[in-house]
Amino acid sequence: MNLLLKVHQIHKSYQQGKHRVEVLQNLSMKANTGEKVAILGPSGCGKSTLLSLLAGLDKPDRGTVEIDGHDLAKMSEDERSIIRSQKLGIVFQQYHLMRNLTAVENVGLPLELLGSLDFRERASHAINEVGLSKRSGHFPSELSGGECQRVAIARALINRPALVLADEPSGNLDQKTGEEIMDLLFGLCQDHKITLLLVTHNQELARRCDRALLLNDGALQIFDR
């Protein structure tokens, strides 16, 4: 397997009043192409901070974050934005769909913003891939929570990213719908050999991944499943 993600000894802290709070300390991890890795940890342990660094939305105080050989920490914001559009897909717990766009328009938006001429055709294919071809013309307010998350997954995967970051993607859904959504996400990442980094509180989901890591005291350790 090819190494896709390499995080080496990153530190991240924030100023809170007079105090400097260390969130991540000497954190390192790796993930191979097509691998599914779960990250668990209690609320406030730094999972969201880690995702922000992996997505290139923030920079570590020190250390490196490499995606497919590109060190995000050394890039400008514009350069990181290009990497996000080419290499990353993100699935949020809250879906983050545009209310004034239909399902298929939400899915095609990343490609449209990149100036792709075939974004409509590819969006239609992606919406069909998540089983929503009959709902493609509906707005988010007309869709169920599970359907909204299917749209969000199609949007995240439309550009065939190398890495998908998923932040509690089934957290807002009932158990049955959540299981269906995770089956879909795992299956699509498997089919397209996409690396999946899943942040979750659900140990059952973590067991479905190839590896599980526990974020605690600012560092990652192997989670005993």
# chains A, B, ... in the order shown; residues from 1 in each chain; ligands from 1
$ residues_around --residues "segment 29-40 of chain A" --least-positions-apart "5" --cutoff "7 Å" --atoms "only C-alpha atoms" --output "list in words"
Met1, Asn2, Leu3, Leu4, Leu5, Lys6, Val7, His8, Gln190, Lys193, Ile194, Thr195, Leu196, Leu197, Leu198, Val199, Thr200, His201, Ala206, Cys209, Asp210, Arg211, Ala212, Leu213, Leu214 and Leu215 of chain A
$ residues_around --residues "Val107 of chain A" --least-positions-apart "2" --cutoff "7 Å" --atoms "only C-alpha atoms" --output "VMD selection string"
chain A and resid 103 to 105 109 123 151 154 to 155
$ residues_around --residues "Val21 of chain A" --least-positions-apart "2" --cutoff "12 Å" --atoms "only C-alpha atoms" --output "PDB file with C-alpha atoms, in the first residue's frame"
ATOM      1  CA  HIS A  11       1.876  20.594  18.264  1.00  0.00           C
ATOM      2  CA  LYS A  12      -1.089  22.935  18.483  1.00  0.00           C
ATOM      3  CA  SER A  13      -1.982  25.334  21.292  1.00  0.00           C
ATOM      4  CA  TYR A  14      -4.373  28.221  21.833  1.00  0.00           C
ATOM      5  CA  GLN A  15      -4.331  31.286  24.031  1.00  0.00           C
ATOM      6  CA  GLN A  16      -7.104  31.379  26.630  1.00  0.00           C
ATOM      7  CA  GLY A  17      -6.871  34.575  28.614  1.00  0.00           C
ATOM      8  CA  LYS A  18      -3.468  34.596  30.294  1.00  0.00           C
ATOM      9  CA  HIS A  19      -2.884  30.915  29.719  1.00  0.00           C
ATOM     10  CA  VAL A  23      -4.339  20.845  22.607  1.00  0.00           C
ATOM     11  CA  LEU A  24      -2.116  18.531  20.565  1.00  0.00           C
ATOM     12  CA  GLN A  25       1.361  17.525  21.666  1.00  0.00           C
ATOM     13  CA  GLY A  44     -12.747  18.466  24.121  1.00  0.00           C
ATOM     14  CA  CYS A  45      -9.786  16.170  23.548  1.00  0.00           C
ATOM     15  CA  GLY A  46      -8.757  17.900  20.309  1.00  0.00           C
ATOM     16  CA  ASP A 217      -3.751  14.051  26.421  1.00  0.00           C
ATOM     17  CA  GLY A 218      -2.915  15.579  23.048  1.00  0.00           C
TER      18      GLY A 218
END
$ residues_around --residues "Ser81 of chain A" --least-positions-apart "6" --cutoff "10 Å" --atoms "only C-alpha atoms" --output "ChimeraX atom specification"
/A:55-57,72,75,87-88
$ residues_around --residues "Phe139 of chain A" --least-positions-apart "5" --cutoff "10 Å" --atoms "only C-alpha atoms" --output "PyMOL selection string"
chain A and resi 97-106+148
$ atom_distance --atom1 "atom CA of Asp167 of chain A" --atom2 "atom CA of Gly63 of chain A"
22.9 Å
$ atom_distance --atom1 "atom CA of Thr177 of chain A" --atom2 "atom CA of Arg84 of chain A"
28.5 Å
$ closest_residue --among "A:Leu220, A:Leu117, A:Ile67, A:Ala162" --to "Leu50 of chain A" --atoms "only C-alpha atoms"
A:Leu220
$ closest_residue --among "A:Asp224, A:Glu22, A:Glu180, A:Asp58" --to "Glu147 of chain A" --atoms "only C-alpha atoms"
A:Glu180
$ select_by_dssp --residues "chain A" --states "strand (DSSP E)" --output "ChimeraX atom specification"
/A:3-16,19-32,36-40,62-67,70-71,88-91,163-167,195-199,211-216,219-222
$ select_by_dssp --residues "segment 6-225 of chain A" --states "alpha helix (DSSP H)" --output "PyMOL selection string"
chain A and resi 47-54+77-87+103-113+119-129+145-157+175-191+203-208
$ atom_distance --atom1 "atom CA of Leu163 of chain A" --atom2 "atom CA of Ser43 of chain A"
23.7 Å
$ closest_residue --among "A:Ala219, A:Ile158, A:Leu54, A:Leu185" --to "Arg120 of chain A" --atoms "only C-alpha atoms"
A:Ile158
$ closest_residue --among "A:Leu188, A:Glu112, A:Glu121, A:Gly131" --to "Val164 of chain A" --atoms "only C-alpha atoms"
A:Leu188
